[in-house]
$ cat final19.txt   # compact mmCIF, C-alpha atoms and all ligand atoms
# COMPACT_ATOMS: atom_id res chain seq x y z
CA MET V 1 -112.77 -221.00 43.89
CA THR V 2 -115.88 -221.96 41.92
CA ILE V 3 -119.39 -222.27 43.24
CA ARG V 4 -121.27 -224.89 41.23
CA PRO V 5 -124.06 -223.16 39.21
CA ARG V 6 -126.54 -225.90 40.21
CA SER V 7 -125.78 -225.28 43.89
CA LEU V 8 -126.28 -221.55 43.45
CA LEU V 9 -129.64 -222.20 41.80
CA ILE V 10 -130.80 -224.58 44.54
CA GLY V 11 -129.51 -222.26 47.30
CA ALA V 12 -131.32 -219.26 45.82
CA ALA V 13 -134.52 -221.31 45.31
CA THR V 14 -134.67 -222.16 49.03
CA TYR V 15 -135.61 -218.52 49.70
CA ILE V 16 -138.86 -219.04 47.78
CA PRO V 17 -141.55 -219.88 50.38
CA GLY V 18 -142.34 -223.61 50.48
CA LEU V 19 -139.29 -224.78 48.50
CA ARG V 20 -136.92 -225.20 51.45
CA ASN V 21 -138.59 -228.46 52.47
CA PHE V 22 -137.56 -230.01 49.15
CA THR V 23 -133.94 -229.97 50.34
CA GLY V 24 -132.59 -232.57 52.76
CA ARG V 25 -135.63 -234.86 52.53
CA LYS V 26 -133.36 -237.82 53.32
CA THR V 27 -130.12 -237.94 55.24
CA GLY V 28 -128.35 -240.90 53.67
CA GLY V 29 -126.57 -243.48 55.73
CA THR V 30 -128.79 -244.73 58.52
CA VAL V 31 -131.24 -246.44 56.10
CA SER V 32 -128.74 -249.33 56.22
CA ALA V 33 -128.24 -251.55 59.28
CA ARG V 34 -124.64 -252.25 58.21
CA TYR V 35 -123.96 -248.50 58.08
CA CYS V 36 -125.42 -248.04 61.61
CA TYR V 37 -123.38 -251.02 62.85
CA THR V 38 -120.13 -249.69 61.41
CA VAL V 39 -120.71 -246.15 62.72
CA TRP V 40 -121.50 -247.24 66.27
CA LEU V 41 -118.62 -249.75 66.44
CA ARG V 42 -116.17 -247.16 65.07
CA HIS V 43 -117.08 -244.72 67.86
CA LEU V 44 -116.84 -247.54 70.40
CA CYS V 45 -113.50 -248.91 69.10
CA MET V 46 -111.97 -245.44 69.10
CA LEU V 47 -113.14 -244.89 72.71
CA HIS V 48 -111.52 -248.19 73.67
CA ARG V 49 -108.32 -247.35 71.77
CA HIS V 50 -108.01 -244.13 73.78
CA THR V 51 -108.78 -245.90 77.09
CA LEU V 52 -112.13 -244.17 77.50
CA PRO V 53 -115.21 -246.02 78.83
CA THR V 54 -117.11 -248.32 76.42
CA THR V 55 -120.09 -249.20 78.63
CA PHE V 56 -122.79 -246.62 79.20
CA GLU V 57 -126.07 -246.34 81.01
CA THR V 58 -127.61 -243.44 79.05
CA VAL V 59 -126.55 -242.53 75.51
CA VAL V 60 -127.70 -239.46 73.56
CA GLU V 61 -127.30 -239.15 69.80
CA LEU V 62 -127.55 -235.84 68.00
CA GLY V 63 -128.93 -236.07 64.45
CA PRO V 64 -129.66 -239.80 63.89
CA GLY V 65 -131.24 -239.06 60.48
CA ASP V 66 -133.27 -241.64 58.53
CA SER V 67 -133.38 -244.26 61.32
CA LEU V 68 -132.44 -244.68 64.99
CA GLY V 69 -130.20 -247.61 63.99
CA THR V 70 -126.91 -246.26 65.31
CA GLY V 71 -128.40 -245.78 68.78
CA LEU V 72 -130.11 -249.18 68.55
CA ALA V 73 -126.63 -250.64 68.00
CA ALA V 74 -125.60 -248.87 71.24
CA LEU V 75 -128.49 -250.57 73.08
CA LEU V 76 -127.60 -253.97 71.58
CA SER V 77 -124.04 -253.61 72.80
CA GLY V 78 -125.24 -253.00 76.36
CA ALA V 79 -126.38 -249.37 76.83
CA GLU V 80 -129.52 -249.10 78.94
CA ARG V 81 -131.20 -245.99 77.54
CA TYR V 82 -130.96 -244.17 74.22
CA VAL V 83 -132.18 -240.66 73.42
CA ALA V 84 -132.25 -239.50 69.79
CA LEU V 85 -132.46 -235.75 69.13
CA ASP V 86 -132.89 -234.48 65.60
CA ALA V 87 -133.75 -231.18 63.97
CA VAL V 88 -136.21 -232.97 61.67
CA ARG V 89 -138.22 -236.16 62.29
CA TYR V 90 -136.81 -238.50 59.63
CA ALA V 91 -136.97 -241.92 61.32
CA ASP V 92 -140.11 -244.06 61.35
CA ARG V 93 -141.17 -247.11 63.31
CA ALA V 94 -141.23 -249.63 60.46
CA ARG V 95 -137.68 -248.84 59.35
CA ASN V 96 -136.40 -248.77 62.95
CA LEU V 97 -137.90 -252.21 63.62
CA GLN V 98 -136.45 -253.68 60.43
CA ILE V 99 -132.99 -252.26 61.15
CA LEU V 100 -133.19 -253.52 64.75
CA GLU V 101 -133.67 -257.12 63.55
CA GLU V 102 -130.76 -256.82 61.09
CA LEU V 103 -128.55 -255.38 63.84
CA ILE V 104 -129.45 -258.22 66.21
CA ALA V 105 -128.22 -260.71 63.58
CA LEU V 106 -124.97 -258.76 63.07
CA PHE V 107 -124.22 -258.69 66.83
CA ARG V 108 -125.23 -262.35 67.33
CA ASN V 109 -122.78 -263.35 64.58
CA ARG V 110 -120.06 -261.02 65.92
CA ALA V 111 -119.87 -259.85 62.29
CA PRO V 112 -116.70 -257.97 61.27
CA ILE V 113 -117.08 -254.19 61.15
CA PRO V 114 -117.93 -253.06 57.58
CA ASP V 115 -114.74 -251.46 56.28
CA GLN V 116 -113.57 -248.69 53.92
CA LEU V 117 -114.18 -250.90 50.86
CA GLU V 118 -117.86 -251.18 51.75
CA PHE V 119 -118.24 -247.63 53.11
CA PRO V 120 -115.42 -245.54 51.61
CA LEU V 121 -116.88 -242.26 52.88
CA VAL V 122 -117.46 -243.29 56.49
CA GLN V 123 -114.97 -241.89 58.98
CA PRO V 124 -112.96 -242.56 61.04
CA PRO V 125 -111.01 -245.46 59.51
CA LEU V 126 -110.02 -248.18 62.00
CA PRO V 127 -106.71 -250.06 62.32
CA SER V 128 -108.71 -253.33 62.42
CA TYR V 129 -112.24 -254.21 61.33
CA ASN V 130 -112.45 -257.41 63.37
CA PHE V 131 -115.35 -257.59 65.81
CA PRO V 132 -114.00 -255.94 68.99
CA ASP V 133 -112.68 -258.34 71.66
CA PHE V 134 -113.72 -256.01 74.48
CA LEU V 135 -117.37 -256.88 73.69
CA THR V 136 -116.92 -260.32 75.22
CA SER V 137 -119.25 -263.27 74.59
CA ALA V 138 -120.55 -263.03 78.17
CA HIS V 139 -121.24 -259.30 77.77
CA LEU V 140 -123.09 -259.83 74.47
CA GLU V 141 -125.03 -262.81 75.80
CA ALA V 142 -126.48 -260.57 78.51
CA ALA V 143 -127.04 -257.65 76.12
CA LEU V 144 -128.84 -259.89 73.59
CA ALA V 145 -130.93 -261.90 76.09
CA SER V 146 -134.37 -262.52 74.60
CA ALA V 147 -136.31 -260.69 77.36
CA ARG V 148 -134.05 -257.67 76.86
CA LEU V 149 -134.55 -257.76 73.07
CA ASP V 150 -138.33 -257.82 73.58
CA ARG V 151 -138.08 -254.70 75.76
CA ILE V 152 -136.01 -252.97 73.09
CA ARG V 153 -138.58 -253.95 70.40
CA ALA V 154 -141.37 -252.55 72.59
CA ALA V 155 -139.39 -249.34 73.14
CA VAL V 156 -138.85 -248.92 69.37
CA THR V 157 -142.58 -249.36 68.83
CA ASP V 158 -143.50 -246.75 71.43
CA PRO V 159 -140.59 -244.38 72.22
CA GLY V 160 -140.85 -241.60 74.81
CA THR V 161 -140.19 -237.97 73.98
CA SER V 162 -138.07 -236.97 76.98
CA LEU V 163 -135.65 -238.76 79.28
CA ARG V 164 -138.03 -238.14 82.18
CA SER V 165 -140.51 -240.59 80.60
CA GLY V 166 -138.25 -243.40 81.89
CA ARG V 167 -138.50 -245.23 78.52
CA TRP V 168 -135.52 -247.13 77.13
CA ILE V 169 -135.76 -245.13 73.88
CA CYS V 170 -136.72 -241.47 73.45
CA TYR V 171 -136.96 -239.63 70.14
CA SER V 172 -137.41 -235.89 70.01
CA ALA V 173 -137.40 -233.90 66.76
CA PRO V 174 -137.18 -230.99 66.80
CA TRP V 175 -135.69 -231.02 70.28
CA THR V 176 -135.17 -228.52 73.08
CA VAL V 177 -132.43 -228.63 75.71
CA GLU V 178 -135.03 -229.44 78.44
CA VAL V 179 -135.73 -232.88 76.92
CA ILE V 180 -132.77 -234.11 78.99
CA GLY V 181 -132.09 -233.09 82.59
CA ASN V 182 -128.76 -231.94 83.98
CA ALA V 183 -125.99 -234.48 84.59
CA ALA V 184 -128.17 -237.39 83.43
CA VAL V 185 -126.16 -238.82 80.54
CA ASP V 186 -122.96 -240.89 80.11
CA LEU V 187 -122.25 -240.44 76.38
CA VAL V 188 -123.28 -237.91 73.72
CA PHE V 189 -122.28 -238.82 70.18
CA SER V 190 -122.96 -237.72 66.61
CA GLN V 191 -121.95 -238.71 63.09
CA GLY V 192 -121.86 -236.06 60.37
CA VAL V 193 -124.04 -233.60 62.27
CA LEU V 194 -122.13 -230.82 64.02
CA GLN V 195 -121.08 -229.23 60.72
CA PHE V 196 -124.77 -228.36 60.16
CA VAL V 197 -125.68 -227.06 63.61
CA HIS V 198 -126.28 -223.32 63.52
CA ASP V 199 -125.97 -222.51 67.24
CA LEU V 200 -122.73 -224.38 67.98
CA PRO V 201 -121.88 -222.57 71.27
CA GLY V 202 -125.41 -223.19 72.61
CA THR V 203 -125.37 -226.82 71.47
CA TYR V 204 -122.00 -227.56 73.12
CA THR V 205 -123.17 -225.87 76.34
CA GLY V 206 -126.38 -227.92 76.23
CA MET V 207 -124.54 -231.22 75.65
CA ALA V 208 -122.07 -230.38 78.43
CA GLY V 209 -124.95 -229.78 80.85
CA TRP V 210 -126.57 -233.16 80.07
CA LEU V 211 -123.40 -235.14 80.80
CA LYS V 212 -122.42 -236.45 84.22
CA PRO V 213 -118.94 -235.49 85.49
CA GLY V 214 -116.53 -237.77 83.63
CA GLY V 215 -119.14 -238.20 80.85
CA ILE V 216 -117.96 -238.56 77.26
CA MET V 217 -118.58 -236.83 73.93
CA SER V 218 -117.67 -238.55 70.64
CA HIS V 219 -118.31 -236.59 67.45
CA GLU V 220 -117.34 -237.29 63.85
CA ILE V 221 -117.47 -233.98 61.97
CA ALA V 222 -116.94 -233.22 58.28
CA PHE V 223 -115.57 -229.83 57.26
CA GLN V 224 -116.08 -230.02 53.48
CA SER V 225 -118.28 -227.75 51.37
CA ILE V 226 -120.35 -230.87 50.51
CA GLY V 227 -120.57 -230.23 46.79
CA VAL V 228 -121.47 -226.53 46.92
CA SER V 229 -118.04 -225.53 45.54
CA THR V 230 -115.82 -227.49 43.15
CA GLU V 231 -112.95 -227.51 45.68
CA TRP V 232 -113.56 -229.53 48.86
CA ASN V 233 -112.83 -226.45 50.99
CA GLY V 234 -114.02 -223.72 48.56
CA HIS V 235 -116.66 -222.65 51.12
CA TRP V 236 -113.90 -220.91 53.07
CA ALA V 237 -113.21 -218.69 50.05
CA CYS V 238 -116.82 -217.47 49.77
CA SER V 239 -117.81 -214.06 51.06
CA ASP V 240 -120.67 -214.21 53.57
CA ALA V 241 -123.03 -212.78 50.92
CA LEU V 242 -122.11 -215.40 48.30
CA TRP V 243 -122.36 -218.23 50.85
CA LYS V 244 -125.76 -216.97 51.96
CA LEU V 245 -126.96 -217.33 48.38
CA ALA V 246 -125.24 -220.66 47.61
CA ALA V 247 -126.14 -222.43 50.87
CA GLY V 248 -129.48 -220.67 51.06
CA ARG V 249 -131.91 -222.03 53.63
CA ARG V 250 -131.16 -225.70 52.86
CA ARG V 251 -131.94 -228.04 55.73
CA HIS V 252 -128.32 -229.25 55.63
CA ALA V 253 -126.12 -226.22 55.03
CA SER V 254 -122.62 -226.21 56.49
CA ASN V 255 -121.95 -223.74 59.28
CA ARG V 256 -118.39 -223.45 57.79
CA GLU V 257 -116.77 -223.72 61.26
CA PRO V 258 -113.36 -225.43 61.10
CA HIS V 259 -111.90 -228.07 63.41
CA SER V 260 -110.39 -225.59 65.90
CA THR V 261 -113.80 -224.01 66.65
CA HIS V 262 -115.06 -227.36 67.98
CA ILE V 263 -111.94 -227.89 70.08
CA ALA V 264 -112.22 -224.37 71.54
CA LEU V 265 -115.92 -224.81 72.36
CA LEU V 266 -115.29 -228.17 74.05
CA ARG V 267 -112.50 -226.72 76.19
CA LYS V 268 -114.67 -223.73 77.10
CA ALA V 269 -117.46 -226.11 78.12
CA GLY V 270 -115.06 -227.85 80.55
CA PHE V 271 -113.85 -230.87 78.56
CA ARG V 272 -110.48 -232.61 78.27
CA ILE V 273 -109.82 -233.49 74.64
CA VAL V 274 -108.70 -237.12 74.43
CA THR V 275 -108.97 -238.04 70.74
CA GLU V 276 -108.36 -235.87 67.69
CA GLU V 277 -108.29 -238.16 64.66
CA ARG V 278 -108.00 -235.64 61.80
CA VAL V 279 -108.26 -236.57 58.13
CA VAL V 280 -105.79 -234.28 56.36
CA ARG V 281 -106.24 -233.34 52.70
CA PRO V 282 -104.31 -230.84 50.55
CA SER V 283 -106.15 -227.54 50.39
CA GLY V 284 -108.08 -226.95 47.16
CA ILE V 285 -107.63 -223.18 47.43
CA ASP V 286 -104.68 -220.82 48.04
CA ARG V 287 -104.47 -218.92 51.31
CA ALA V 288 -104.87 -215.66 49.29
CA GLN V 289 -108.34 -216.86 48.22
CA LEU V 290 -109.65 -217.16 51.80
CA ALA V 291 -112.63 -214.92 52.58
CA ALA V 292 -112.01 -212.14 55.11
CA ARG V 293 -113.49 -214.02 58.09
CA PHE V 294 -111.28 -217.08 57.41
CA ARG V 295 -108.07 -215.24 56.53
CA HIS V 296 -106.42 -216.11 59.85
CA MET V 297 -107.34 -219.79 59.68
CA SER V 298 -104.40 -222.03 60.62
CA ASP V 299 -102.85 -224.36 58.04
CA GLU V 300 -104.07 -227.23 60.22
CA ASP V 301 -107.70 -226.07 59.90
CA LEU V 302 -107.31 -225.35 56.18
CA THR V 303 -106.28 -228.95 55.50
CA THR V 304 -108.52 -230.83 57.98
CA SER V 305 -111.39 -232.30 55.97
CA SER V 306 -112.94 -234.26 58.85
CA ALA V 307 -112.19 -235.26 62.41
CA LEU V 308 -113.27 -237.59 65.16
CA ILE V 309 -113.17 -235.68 68.42
CA GLN V 310 -113.61 -237.48 71.74
CA ALA V 311 -113.56 -235.62 75.04
CA ALA V 312 -114.25 -236.22 78.74
CA LYS V 313 -116.11 -233.83 81.03
CA LEU V 314 -113.88 -232.67 83.84
CA ALA V 315 -115.12 -233.70 87.27
C1 LIG Y 1 -125.94 -235.78 57.14
S1 LIG Y 1 -127.19 -236.19 58.26
C2 LIG Y 1 -126.39 -237.43 59.25
C3 LIG Y 1 -127.37 -238.43 59.75
C4 LIG Y 1 -126.76 -239.63 60.49
N1 LIG Y 1 -126.08 -239.22 61.69
C5 LIG Y 1 -125.84 -240.44 59.60
O1 LIG Y 1 -124.75 -240.85 60.08
O2 LIG Y 1 -126.21 -240.72 58.45
C6 LIG Y 1 -127.25 -234.79 59.37
C7 LIG Y 1 -128.28 -234.92 60.47
O3 LIG Y 1 -128.06 -233.85 61.41
C8 LIG Y 1 -129.33 -233.36 61.80
N2 LIG Y 1 -129.18 -232.04 62.42
C9 LIG Y 1 -128.84 -230.87 61.86
N3 LIG Y 1 -128.87 -229.89 62.78
C10 LIG Y 1 -129.20 -230.47 63.96
C11 LIG Y 1 -129.38 -230.01 65.30
N4 LIG Y 1 -129.21 -228.73 65.61
N5 LIG Y 1 -129.72 -230.91 66.24
C12 LIG Y 1 -129.88 -232.21 65.94
N6 LIG Y 1 -129.73 -232.71 64.71
C13 LIG Y 1 -129.39 -231.85 63.73
C14 LIG Y 1 -130.12 -233.40 60.51
O4 LIG Y 1 -131.50 -233.25 60.71
C15 LIG Y 1 -129.74 -234.77 59.99
O5 LIG Y 1 -130.51 -235.78 60.58
$ encode --input "final19.txt" --output "structure tokens"
Amino acid sequence: MTIRPRSLLIGAATYIPGLRNFTGRKTGGTVSARYCYTVWLRHLCMLHRHTLPTTFETVVELGPGDSLGTGLAALLSGAERYVALDAVRYADRARNLQILEELIALFRNRAPIPDQLEFPLVQPPLPSYNFPDFLTSAHLEAALASARLDRIRAAVTDPGTSLRSGRWICYSAPWTVEVIGNAAVDLVFSQGVLQFVHDLPGTYTGMAGWLKPGGIMSHEIAFQSIGVSTEWNGHWACSDALWKLAAGRRRHASNREPHSTHIALLRKAGFRIVTEERVVRPSGIDRAQLAARFRHMSDEDLTTSSALIQAAKLA
């Protein structure tokens, strides 16, 4: 296993006071309306494919990143309230408003879902990228009614900070678990976030508490070392000391937890796992190279590079 020298340098530099904030200044995807549209519709299509609900009153997104576009797509497809919780405040009003208008056009045109050619790194892949039939014309007509769109525009301009505010959109960054009351939410989703969360047990317990009985979680999680090592899964070969140096205090440093940790935490929090769409990739390292704390990792974990996990809260 090889740690890239540049990564080691950046990781070590994050321990110098003031330099940490130079890492993770942008998050990537949600600057593009088409990215937000494809991410939201992929979660929705996979829920439909696994006969889970696709209409929601209150939707929470963990880690929206550079814009609130993915949650805005949820509102435009019929959700009534959207709460965005991030560790860092990346999104701003001007970009949110611009992305909202572009999303409205995409939904009005029932545009096909941007596919793997346009977004080769976005997971999960779908069997079909046609606009989903279950979002019927009548449903979209109501969701895109002009009075409703004006309320969404007003909510983007002036979002609340907690669900109690009663606003259609809330944005809290950094967030605390109290921002959302108990059993108040129908769907919690995230895209490329849970691999960075440090307190995974606490976060799963928090998300479980927010959801109503029967409520849904839908999380796309990447398990790669994200460029820190030359092998996609070289992070599992690093000793804790080496990883501490290479990952440093970057804003987006992988917690190195594999697929099975998420499944175990969901089950412990009282969820029935419905969807496990794993992307399987040959391991870049031998089992003998695994660091002590990962030595007992299953072959399934060792070769799972990302997964969409969808689960329902037991009543
Ligand atoms: C790679 S970006 C993904 C952003 C966006 N979801 C997308 O699809 O492009 C990771 C995001 O997770 C957020 N994040 C990391 N830890 C978090 C936490 N504990 N709670 C909420 N968001 C978190 C980061 O601030 C960042 O916005």
$ residues_near_point --input "final19.txt" --point "(-110.3, -225.8, 67.5)" --cutoff "12 Å" --atoms "all atoms listed in the file" --output "list in words"
Glu257, Pro258, His259, Ser260, Thr261, His262, Ile263, Ala264, Leu265, Leu266, Arg267, Lys268, Ile273, Glu276, Arg278, Met297, Ser298, Glu300, Asp301, Leu302, Thr304, Ala307 and Ile309 of chain V
$ closest_atom_pairs --input "final19.txt" --of "chain V" --to "ligand LIG 1 (chain Y)" --cutoff "9 Å" --atoms "only C-alpha atoms and all ligand atoms" --output "CSV"
residue,atom,partner,partner_atom,distance
V:Gly24,CA,Y:LIG1,O4,8.1
V:Lys26,CA,Y:LIG1,O5,8.1
V:Thr27,CA,Y:LIG1,S1,4.6
V:Gly28,CA,Y:LIG1,O2,5.2
V:Gly29,CA,Y:LIG1,O2,3.9
V:Thr30,CA,Y:LIG1,O2,4.8
V:Val31,CA,Y:LIG1,O2,8.0
V:Tyr35,CA,Y:LIG1,O1,7.9
V:Cys36,CA,Y:LIG1,O1,7.4
V:Val39,CA,Y:LIG1,O1,7.2
V:Glu61,CA,Y:LIG1,N1,8.2
V:Leu62,CA,Y:LIG1,C12,4.8
V:Gly63,CA,Y:LIG1,N6,3.5
V:Pro64,CA,Y:LIG1,N1,4.2
V:Gly65,CA,Y:LIG1,O5,3.4
V:Asp66,CA,Y:LIG1,O5,6.8
V:Ser67,CA,Y:LIG1,C4,8.1
V:Leu68,CA,Y:LIG1,C4,8.8
V:Thr70,CA,Y:LIG1,O1,7.8
V:Ala84,CA,Y:LIG1,C12,8.6
V:Leu85,CA,Y:LIG1,C12,5.4
V:Asp86,CA,Y:LIG1,N6,3.7
V:Ala87,CA,Y:LIG1,N6,4.4
V:Val88,CA,Y:LIG1,O4,4.8
V:Arg89,CA,Y:LIG1,O4,7.5
V:Tyr90,CA,Y:LIG1,O5,6.9
V:Ala91,CA,Y:LIG1,O5,8.9
V:Val122,CA,Y:LIG1,O1,8.5
V:Ala173,CA,Y:LIG1,C12,7.8
V:Pro174,CA,Y:LIG1,C12,7.5
V:Trp175,CA,Y:LIG1,N5,7.2
V:Ser190,CA,Y:LIG1,N1,6.0
V:Gln191,CA,Y:LIG1,N1,4.4
V:Gly192,CA,Y:LIG1,C2,4.9
V:Val193,CA,Y:LIG1,O3,4.1
V:Leu194,CA,Y:LIG1,N3,6.9
V:Gln195,CA,Y:LIG1,C9,8.0
V:Phe196,CA,Y:LIG1,C9,5.1
V:Val197,CA,Y:LIG1,N3,4.3
V:His198,CA,Y:LIG1,N4,6.5
V:Asp199,CA,Y:LIG1,N4,7.2
V:Leu200,CA,Y:LIG1,N4,8.2
V:Thr203,CA,Y:LIG1,N4,7.3
V:Arg251,CA,Y:LIG1,O4,7.2
V:His252,CA,Y:LIG1,C9,6.5
V:Ala253,CA,Y:LIG1,C9,8.7
$ write_last_selection --input "final19.txt" --atoms "C-alpha atoms" --output "tab-separated table (two decimals), in the frame of the given file"
chain	number	residue	atom	x	y	z
V	24	GLY	CA	-132.59	-232.57	52.76
V	26	LYS	CA	-133.36	-237.82	53.32
V	27	THR	CA	-130.12	-237.94	55.24
V	28	GLY	CA	-128.35	-240.90	53.67
V	29	GLY	CA	-126.57	-243.48	55.73
V	30	THR	CA	-128.79	-244.73	58.52
V	31	VAL	CA	-131.24	-246.44	56.10
V	35	TYR	CA	-123.96	-248.50	58.08
V	36	CYS	CA	-125.42	-248.04	61.61
V	39	VAL	CA	-120.71	-246.15	62.72
V	61	GLU	CA	-127.30	-239.15	69.80
V	62	LEU	CA	-127.55	-235.84	68.00
V	63	GLY	CA	-128.93	-236.07	64.45
V	64	PRO	CA	-129.66	-239.80	63.89
V	65	GLY	CA	-131.24	-239.06	60.48
V	66	ASP	CA	-133.27	-241.64	58.53
V	67	SER	CA	-133.38	-244.26	61.32
V	68	LEU	CA	-132.44	-244.68	64.99
V	70	THR	CA	-126.91	-246.26	65.31
V	84	ALA	CA	-132.25	-239.50	69.79
V	85	LEU	CA	-132.46	-235.75	69.13
V	86	ASP	CA	-132.89	-234.48	65.60
V	87	ALA	CA	-133.75	-231.18	63.97
V	88	VAL	CA	-136.21	-232.97	61.67
V	89	ARG	CA	-138.22	-236.16	62.29
V	90	TYR	CA	-136.81	-238.50	59.63
V	91	ALA	CA	-136.97	-241.92	61.32
V	122	VAL	CA	-117.46	-243.29	56.49
V	173	ALA	CA	-137.40	-233.90	66.76
V	174	PRO	CA	-137.18	-230.99	66.80
V	175	TRP	CA	-135.69	-231.02	70.28
V	190	SER	CA	-122.96	-237.72	66.61
V	191	GLN	CA	-121.95	-238.71	63.09
V	192	GLY	CA	-121.86	-236.06	60.37
V	193	VAL	CA	-124.04	-233.60	62.27
V	194	LEU	CA	-122.13	-230.82	64.02
V	195	GLN	CA	-121.08	-229.23	60.72
V	196	PHE	CA	-124.77	-228.36	60.16
V	197	VAL	CA	-125.68	-227.06	63.61
V	198	HIS	CA	-126.28	-223.32	63.52
V	199	ASP	CA	-125.97	-222.51	67.24
V	200	LEU	CA	-122.73	-224.38	67.98
V	203	THR	CA	-125.37	-226.82	71.47
V	251	ARG	CA	-131.94	-228.04	55.73
V	252	HIS	CA	-128.32	-229.25	55.63
V	253	ALA	CA	-126.12	-226.22	55.03
$ residues_around --input "final19.txt" --residues "Leu126 of chain V" --least-positions-apart "3" --cutoff "9 Å" --atoms "only C-alpha atoms" --output "PyMOL selection string"
chain V and resi 42+45-46+115-116+123+129
$ write_last_selection --input "final19.txt" --atoms "C-alpha atoms" --output "short mmCIF file (atom, residue, chain, number, x, y, z; two decimals), in the frame of the given file"
data_model
loop_
_atom_site.label_atom_id
_atom_site.label_comp_id
_atom_site.auth_asym_id
_atom_site.auth_seq_id
_atom_site.Cartn_x
_atom_site.Cartn_y
_atom_site.Cartn_z
CA ARG V 42 -116.17 -247.16 65.07
CA CYS V 45 -113.50 -248.91 69.10
CA MET V 46 -111.97 -245.44 69.10
CA ASP V 115 -114.74 -251.46 56.28
CA GLN V 116 -113.57 -248.69 53.92
CA GLN V 123 -114.97 -241.89 58.98
CA TYR V 129 -112.24 -254.21 61.33
#
$ atom_distance --input "final19.txt" --atom1 "atom CA of Glu118 of chain V" --atom2 "atom CA of Phe189 of chain V"
22.6 Å
$ atom_distance --input "final19.txt" --atom1 "atom CA of Val185 of chain V" --atom2 "atom CA of Cys170 of chain V"
13.0 Å
$ atom_distance --input "final19.txt" --atom1 "atom CA of Lys313 of chain V" --atom2 "atom CA of Ala222 of chain V"
22.8 Å
$ closest_residue --input "final19.txt" --among "V:Arg6, V:Arg256, V:Arg272, V:Arg151" --to "Ser225 of chain V" --atoms "all atoms listed in the file"
V:Arg256
$ residues_around --input "final19.txt" --residues "segment 139-150 of chain V" --least-positions-apart "5" --cutoff "10 Å" --atoms "all atoms listed in the file" --output "list of chain:residue names"
V:Leu75, V:Leu76, V:Ser77, V:Gly78, V:Ala79, V:Glu80, V:Leu100, V:Glu101, V:Ile104, V:Phe107, V:Arg108, V:Arg110, V:Phe134, V:Ala155, V:Val156
$ write_last_selection --input "final19.txt" --atoms "C-alpha atoms" --output "PDB file, in the frame of the given file"
ATOM      1  CA  LEU V  75    -128.490-250.570  73.080  1.00  0.00           C
ATOM      2  CA  LEU V  76    -127.600-253.970  71.580  1.00  0.00           C
ATOM      3  CA  SER V  77    -124.040-253.610  72.800  1.00  0.00           C
ATOM      4  CA  GLY V  78    -125.240-253.000  76.360  1.00  0.00           C
ATOM      5  CA  ALA V  79    -126.380-249.370  76.830  1.00  0.00           C
ATOM      6  CA  GLU V  80    -129.520-249.100  78.940  1.00  0.00           C
ATOM      7  CA  LEU V 100    -133.190-253.520  64.750  1.00  0.00           C
ATOM      8  CA  GLU V 101    -133.670-257.120  63.550  1.00  0.00           C
ATOM      9  CA  ILE V 104    -129.450-258.220  66.210  1.00  0.00           C
ATOM     10  CA  PHE V 107    -124.220-258.690  66.830  1.00  0.00           C
ATOM     11  CA  ARG V 108    -125.230-262.350  67.330  1.00  0.00           C
ATOM     12  CA  ARG V 110    -120.060-261.020  65.920  1.00  0.00           C
ATOM     13  CA  PHE V 134    -113.720-256.010  74.480  1.00  0.00           C
ATOM     14  CA  ALA V 155    -139.390-249.340  73.140  1.00  0.00           C
ATOM     15  CA  VAL V 156    -138.850-248.920  69.370  1.00  0.00           C
TER      16      VAL V 156
END
$ closest_residue --input "final19.txt" --among "V:Thr161, V:Gln98, V:Gln289, V:Thr38" --to "Ala74 of chain V" --atoms "all atoms listed in the file"
V:Thr38
$ closest_residue --input "final19.txt" --among "V:Val228, V:Ile216, V:Leu97, V:Ala269" --to "Leu9 of chain V" --atoms "all atoms listed in the file"
V:Val228
$ closest_residue --input "final19.txt" --among "V:Asn255, V:Gln224, V:Asn96, V:Thr136" --to "Val279 of chain V" --atoms "all atoms listed in the file"
V:Gln224
$ closest_residue --input "final19.txt" --among "V:Lys212, V:Arg281, V:Arg293, V:His48" --to "Cys238 of chain V" --atoms "only C-alpha atoms"
V:Arg293
$ closest_residue --input "final19.txt" --among "V:Pro282, V:Gly160, V:Leu314, V:Pro127" --to "Ala208 of chain V" --atoms "all atoms listed in the file"
V:Leu314
$ closest_atom_pairs --input "final19.txt" --of "segment 194-275 of chain V" --to "segment 11-16 of chain V" --cutoff "9 Å" --atoms "all atoms listed in the file" --output "tab-separated table"
residue	atom	partner	partner_atom	distance
V:Trp243	CA	V:Gly11	CA	8.9
V:Lys244	CA	V:Gly11	CA	8.0
V:Leu245	CA	V:Ala12	CA	5.4
V:Ala246	CA	V:Gly11	CA	4.6
V:Ala247	CA	V:Gly11	CA	4.9
V:Gly248	CA	V:Gly11	CA	4.1
V:Arg249	CA	V:Thr14	CA	5.4
V:Arg250	CA	V:Thr14	CA	6.3
$ residues_near_point --input "final19.txt" --point "(-126.9, -224.6, 77.5)" --cutoff "12 Å" --atoms "all atoms listed in the file" --output "PyMOL selection string"
chain V and resi 176-178+180-182+199-211+269
$ residues_around --input "final19.txt" --residues "Asn233 of chain V" --least-positions-apart "5" --cutoff "9 Å" --atoms "all atoms listed in the file" --output "VMD selection string"
chain V and resid 1 223 to 226 283 to 285 302 to 303 305
